[in-house]
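Presented below is the structure to which this report refers.
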Amino acid sequence: MAFGSGISFGGLASGIDTESIIQRILQLERQPIQRLLIQKGKLTNRQTAVDQYKSLVGAVRTAAKDLNLKSTFQAVKASSSDTAVATITAGTSALPGIYQLSVSQLAQAHKISTSAQTDATSALGLSGTFLVNGKAITVSTNDSLTAIATKINEAGAGVTASIINGGSGNTFLTLTASKTGAARAIALSDVNGGNVLSSLGFVSGAANIRKPISNGAESLRFTDSVSTVGSLLGVTVPPSTIQINGTNVAIDFANDSLGDIAARINANVANVTASVVTEELDGTTYYKLQITGTSGTPAFVDDNGVLENLGILQRSYGNQLLAAQDASFSLDGVALTSESNSVTDVIPGATITLLKADAGNPPTTTLTLTRDTEAIKNKVKALADAYNAVVDFLKTAQSFDSETLESGPLFGDSTVSLVQDQMARALLQSPAGVTGPYANLLAIGVDFDSSGKMTLDESAFDAAISANLQNVMELFIETGKIDDPDIQFVSSTSKTKPSGLVGYTVNITQIATQATFTAGVAFTGTSTQEETITFNGNLFGNVAYNLTVPAGSTIDDLINLINQDSKLKDLVVASKTAGNELVLTSKKYGTPGNFTVVSSLPAGNDNSGIGDTEVSVTGLDVAGTINGEPATGNGQILTGDAGNANTDGLSILVKGGTTGDRGQLIFTKGAASVVEENLDAALDFVNGFLTAETNAIQEQIQDIDDRVAQIEEAIARREEFLRRQFNAMEEALAALQAQSAQLSSIMASAGLNNR
């Protein structure tokens, strides 16, 4: 009988244990769930095993990828016979070689100091402004030596200010250039006739040319040539007059830019040329004023220190501790210098670090660059280790016990077997098109033992590398070879097929060209006003780039400005015709190198000659076919079209030459290349067939979960039905029992009355 929702008392009327009957019926109906859960457990174990397999195979792909790089086989080992003199490191672009190095002088950072001061903390009673490398430092009377050092360090002047405290009356402020080299000499000048620097003892004596150049002098480096000098230096200086070769020249820092000063000198001083030149330093373009004479260095008179502030002149250092100097050394007898002791441009691809020098008896060391065959061998070992880890894993995961009939989670897995088969085939193949004495990996010491593990005979491998490194490399990587020196293989895709020894015919119908612009008007004079040249187009990422050309510029100044600009120098080359027309040539070929150019001024012989109407400058893309199949050009790169039977994705670089048939490109895919491609296809996050298997297993697990949920819902409904039925039975029996009792009572009462 039911009493309240969800509560029942079975068999009260019938005496039958209805609850046990219901639970037994439900237990029988739950048996399919148990079978499904067992199936789900097996699928879960399989999914875990597939994930483990994917991880191990991913390690094989990584090792194969490392071996499918030309740079792997170009590794260079660098050594120095005397590491106290110099050390050397090398990248893959370095070529083997032996060099004799001798070092006569190390580069060092400029270091100067004040004269001895009382202490580091007392007020010095000095006031005024001075410049350190063009950065303004303002001192007040209550500033101590320590306070001045702090201000210098906060100015970002390219120096480090430090205190040496030797006791009372023996305290010094030192300035050390942040970088080594003669070009980093510290520039100092007082502003507005001040005497802070001289009072501290940093400078003394008369001013002389700070940085001599041929027949002239050069200023400090400035960040631009069009802003006023006062704003660039951060100082306020009243208008002043200097003399150059006895001729007065007015200079006003509040209104004059470097270009203005150059133009004024050119307009007023005979036989003297002033120009603004650029210098690329540490990735930044700087501007400098150069003043030269036609018959020698001009004479300068600078009563107000304006030329000192510009860096044309400077007083002597009061106490120079270390001179700014470049390193001096010789390599195989060739005398060389470097502003740094880390020399990166002498041996291509290598860095020499100079450590010890002697001018009288230069120490020497032998620098040796050799192919790093050990590094190559370690990459092959890494592939073997990764492959063997997969083999070990599958011994358990694909196992089958014929006695117990128990099997591993991946037993009979066709997808895993396919991946293993592809890897083994790739490692055992003889790549089509490879030439040389070694046809496959077996020939260079790579083999497989009875358990299926990859092995390496190191002696055989070393001998093969020593005998024919190119042949060994081709057994691993993808390569493209053609006799034409102006054509190079670039890359391929998994859809590109090896050509075999016959090769693919390369036919060129159009050679790529660079976009080139020639100004319509020759730049024959000196500019009298500032000009802005605006570049845009593909070459500039379709983002406008402005170049400001200061007044007083010549065609040569403009060319230098463009070729040394931090952005333009990587994109265009500026030159001129015999008639002084400006020529701009894109550094990129074809469509990627197309650009537009326009000037803020109408074309004239006193400016760039570009004109104020925008001009589009275009080049041609390379065009042709590979193996007779269509290909698309982009600059100098020609790529086989998608869908081609053989050359889909095959890219070559065509640097020049003539149109027509250019020879046969032999394209090969080595073992590492094929392994990498196959595993890329297997592990692709979207379309990989191992990914598909994982997804399929997950779908099966989800399907089981859904079926279990459906069965549970059906059982719940069945339970509800059974309880209603048994409750109805109990209620009916109870009613019958009540009626029986009532009849018995009536009959009993009737019998008594009859008596």
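Each chain of the structure tokens is named A, B, ... in the order shown, its residues numbered from 1; ligands are numbered from 1 in display order.
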
List the spatial neighbours of Ser189 in chain A as a compact mmCIF listing (two decimals) with C-alpha atoms, in the first residue's frame - criterion: any atom at most 6 Å away, only C-alpha atoms, same-chain residues fewer than 3 positions off excluded.
```txt
# COMPACT_ATOMS: atom_id res chain seq x y z
CA PHE A 130 75.53 71.36 -19.49
CA LEU A 131 75.19 68.72 -22.22
CA GLU A 308 80.36 73.29 -28.67
CA ASN A 309 76.66 72.63 -28.06
```

Going by DSSP on the backbone, which residues of range 355-448 of chain A come out as strand (DSSP E or B)? List them as an NGL selection string. :A and (364-371 or 400 or 407 or 446-448)

Excluding range 55-72 of chain A and any residue of its chain fewer than 4 positions from it, enumerate the residues within 10 Å of it, using only C-alpha atoms, and give them as a count of residues only. 51

Write out as a PyMOL selection string each polymer residue whose atoms come within 10 Å of Glu280 in chain A, counting only C-alpha atoms; drop sequence neighbours fewer than 3 positions from it. chain A and resi 283-287+563-566+569

If you keep N, CA and C atoms, can you produce a file of those selected residues as an mmCIF file, in the first residue's frame?
```
data_model
loop_
_atom_site.group_PDB
_atom_site.id
_atom_site.type_symbol
_atom_site.label_atom_id
_atom_site.label_comp_id
_atom_site.auth_asym_id
_atom_site.auth_seq_id
_atom_site.Cartn_x
_atom_site.Cartn_y
_atom_site.Cartn_z
ATOM 1 N N GLY A 283 70.373 50.538 -34.926
ATOM 2 C CA GLY A 283 69.021 50.444 -35.449
ATOM 3 C C GLY A 283 68.282 51.768 -35.545
ATOM 4 N N THR A 284 68.945 52.870 -35.254
ATOM 5 C CA THR A 284 68.314 54.197 -35.308
ATOM 6 C C THR A 284 69.043 55.069 -36.318
ATOM 7 N N THR A 285 68.278 55.854 -37.062
ATOM 8 C CA THR A 285 68.877 56.800 -38.006
ATOM 9 C C THR A 285 69.122 58.130 -37.300
ATOM 10 N N TYR A 286 70.365 58.579 -37.340
ATOM 11 C CA TYR A 286 70.728 59.866 -36.744
ATOM 12 C C TYR A 286 71.146 60.838 -37.849
ATOM 13 N N TYR A 287 71.080 62.126 -37.512
ATOM 14 C CA TYR A 287 71.420 63.184 -38.464
ATOM 15 C C TYR A 287 72.562 64.010 -37.884
ATOM 16 N N ASN A 563 69.098 56.044 -48.444
ATOM 17 C CA ASN A 563 69.801 54.771 -48.296
ATOM 18 C C ASN A 563 70.204 54.461 -46.860
ATOM 19 N N GLN A 564 70.178 55.467 -45.981
ATOM 20 C CA GLN A 564 70.536 55.227 -44.586
ATOM 21 C C GLN A 564 69.333 55.341 -43.650
ATOM 22 N N ASP A 565 68.170 55.636 -44.202
ATOM 23 C CA ASP A 565 66.972 55.708 -43.364
ATOM 24 C C ASP A 565 66.657 54.327 -42.792
ATOM 25 N N SER A 566 66.256 54.284 -41.515
ATOM 26 C CA SER A 566 66.070 53.006 -40.817
ATOM 27 C C SER A 566 65.042 52.108 -41.487
ATOM 28 N N LYS A 569 66.026 51.979 -46.073
ATOM 29 C CA LYS A 569 67.236 51.267 -46.498
ATOM 30 C C LYS A 569 66.985 49.784 -46.745
#
```

Excluding Thr585 in chain A and residues on its chain fewer than 3 positions from it, collect all residues at most 8 Å away from it, counting only C-alpha atoms, and give them as a PyMOL selection string. chain A and resi 514-517+572-574

Shell of 10 Å around Asn468 in chain A, only C-alpha atoms, local chain residues under 5 positions omitted, as a ChimeraX atom specification: /A:436-438,463,473

Would you return as a short mmCIF file (atom, residue, chain, number, x, y, z; two decimals) with C-alpha atoms, in the first residue's frame the members of range 295-488 of chain A that DSSP assigns to helix (DSSP H, G or I) on this structure's backbone?
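Output contents, as saved in part-v5.cif:
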```cif
data_model
loop_
_atom_site.label_atom_id
_atom_site.label_comp_id
_atom_site.auth_asym_id
_atom_site.auth_seq_id
_atom_site.Cartn_x
_atom_site.Cartn_y
_atom_site.Cartn_z
CA VAL A 306 77.12 77.37 -29.76
CA LEU A 307 79.46 75.21 -31.84
CA GLU A 308 80.36 73.29 -28.67
CA ASN A 309 76.66 72.63 -28.06
CA LEU A 310 76.36 71.36 -31.64
CA THR A 373 79.37 15.83 -37.64
CA GLU A 374 78.64 14.92 -34.02
CA ALA A 375 75.67 17.30 -33.98
CA ILE A 376 74.31 15.64 -37.15
CA LYS A 377 74.74 12.19 -35.65
CA ASN A 378 72.95 13.26 -32.46
CA LYS A 379 69.95 14.32 -34.54
CA VAL A 380 69.81 10.87 -36.13
CA LYS A 381 70.09 9.29 -32.68
CA ALA A 382 67.21 11.44 -31.50
CA LEU A 383 65.08 10.11 -34.36
CA ALA A 384 66.04 6.54 -33.49
CA ASP A 385 65.23 7.06 -29.81
CA ALA A 386 61.83 8.55 -30.62
CA TYR A 387 61.02 5.76 -33.08
CA ASN A 388 62.12 3.06 -30.65
CA ALA A 389 59.94 4.52 -27.91
CA VAL A 390 56.96 3.94 -30.20
CA VAL A 391 58.07 0.36 -30.84
CA ASP A 392 58.35 -0.32 -27.08
CA PHE A 393 54.92 1.14 -26.44
CA LEU A 394 53.25 -0.95 -29.14
CA LYS A 395 54.74 -4.18 -27.79
CA THR A 396 52.20 -3.89 -24.98
CA ALA A 397 49.49 -1.84 -26.65
CA SER A 414 44.34 -0.61 -38.55
CA THR A 415 45.05 3.13 -38.24
CA VAL A 416 48.01 2.61 -35.93
CA SER A 417 49.29 -0.17 -38.17
CA LEU A 418 49.05 2.17 -41.16
CA VAL A 419 51.09 4.87 -39.42
CA GLN A 420 53.75 2.35 -38.39
CA ASP A 421 53.91 0.96 -41.90
CA GLN A 422 54.33 4.45 -43.38
CA MET A 423 57.17 5.30 -40.99
CA ALA A 424 59.00 2.04 -41.67
CA ARG A 425 58.61 2.39 -45.44
CA ALA A 426 59.92 5.97 -45.33
CA LEU A 427 62.98 4.98 -43.33
CA LEU A 428 63.76 2.01 -45.57
CA LEU A 441 69.73 4.89 -44.92
CA LEU A 442 70.83 1.26 -44.70
CA ALA A 443 73.92 2.20 -46.70
CA ILE A 444 75.03 4.77 -44.10
CA GLU A 458 78.16 5.14 -35.78
CA SER A 459 81.38 4.14 -37.53
CA ALA A 460 79.58 3.60 -40.83
CA PHE A 461 77.66 6.85 -40.39
CA ASP A 462 80.82 8.85 -39.63
CA ALA A 463 82.52 7.37 -42.67
CA ALA A 464 79.59 8.25 -44.92
CA ILE A 465 79.47 11.87 -43.71
CA SER A 466 83.21 12.20 -44.19
CA ALA A 467 83.04 10.72 -47.69
CA LEU A 469 78.01 14.80 -46.79
CA GLN A 470 75.81 16.03 -49.65
CA ASN A 471 74.68 12.48 -50.46
CA VAL A 472 73.93 11.76 -46.78
CA MET A 473 71.95 14.98 -46.48
CA GLU A 474 69.82 14.13 -49.52
CA LEU A 475 68.85 10.81 -47.92
CA PHE A 476 67.12 12.77 -45.15
#
```

Determine the nearest neighbour of Ser204 in chain A from the options A:Asn361, A:Gly181, A:Ser115, A:Thr577, counting only C-alpha atoms.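 Of all the options, A:Ser115 lies closest to Ser204 in chain A.
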
State, in Å with one decimal place, the distance from CA of Leu28 in chain A to CA of Phe726 in chain A. 18.0 Å

Nearby residues (only C-alpha atoms) at most 6 Å from range 657-668 of chain A, same-chain spacing under 2 positions excluded, as a list in words: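 My list of contacting residues is Gly433, Glu478, Thr479, Gly480, Lys481, Ile482, Pro498, Ser499, Gly503, Tyr504, Thr505, Val506, Asn507, Ile508 and Thr509 of chain A.
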
Selected residues, C-alpha atoms, written as a PDB file, in the first residue's frame, please.
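Contents of the output file selection.pdb:
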```pdb
ATOM      1  CA  GLY A 433      66.565  11.013 -57.683  1.00  0.00           C
ATOM      2  CA  GLU A 478      63.841  17.328 -49.442  1.00  0.00           C
ATOM      3  CA  THR A 479      66.104  18.783 -52.110  1.00  0.00           C
ATOM      4  CA  GLY A 480      65.891  20.355 -55.509  1.00  0.00           C
ATOM      5  CA  LYS A 481      68.886  20.516 -57.839  1.00  0.00           C
ATOM      6  CA  ILE A 482      69.299  22.191 -61.199  1.00  0.00           C
ATOM      7  CA  PRO A 498      59.592  13.430 -56.430  1.00  0.00           C
ATOM      8  CA  SER A 499      60.813  13.897 -59.988  1.00  0.00           C
ATOM      9  CA  GLY A 503      63.724  15.773 -63.386  1.00  0.00           C
ATOM     10  CA  TYR A 504      61.139  18.459 -64.095  1.00  0.00           C
ATOM     11  CA  THR A 505      61.714  20.821 -67.026  1.00  0.00           C
ATOM     12  CA  VAL A 506      61.711  24.475 -65.953  1.00  0.00           C
ATOM     13  CA  ASN A 507      60.507  26.852 -68.661  1.00  0.00           C
ATOM     14  CA  ILE A 508      60.584  30.591 -67.969  1.00  0.00           C
ATOM     15  CA  THR A 509      58.456  32.927 -70.062  1.00  0.00           C
TER      16      THR A 509
END
```

Pull the closest atom pair for each residue of range 96-150 of chain A that gets at most 9 Å from range 228-236 of chain A, along with the distance in Å to one decimal, counting only C-alpha atoms, ordering rows by chain and then ascending residue number, as JSON lines.
```
{"residue": "A:Thr129", "atom": "CA", "partner": "A:Val235", "partner_atom": "CA", "distance": 8.1}
{"residue": "A:Leu131", "atom": "CA", "partner": "A:Leu233", "partner_atom": "CA", "distance": 8.0}
{"residue": "A:Gly134", "atom": "CA", "partner": "A:Leu233", "partner_atom": "CA", "distance": 5.6}
{"residue": "A:Lys135", "atom": "CA", "partner": "A:Leu233", "partner_atom": "CA", "distance": 5.9}
{"residue": "A:Ala136", "atom": "CA", "partner": "A:Gly234", "partner_atom": "CA", "distance": 5.9}
```

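Interatomic distance, CA of Val343 in chain A to CA of Gly158 in chain A: 21.1 Å.
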
Just to confirm, what's the straight-line distance from CA of Asn644 in chain A to CA of Thr632 in chain A in Å (one decimal)? 11.7 Å
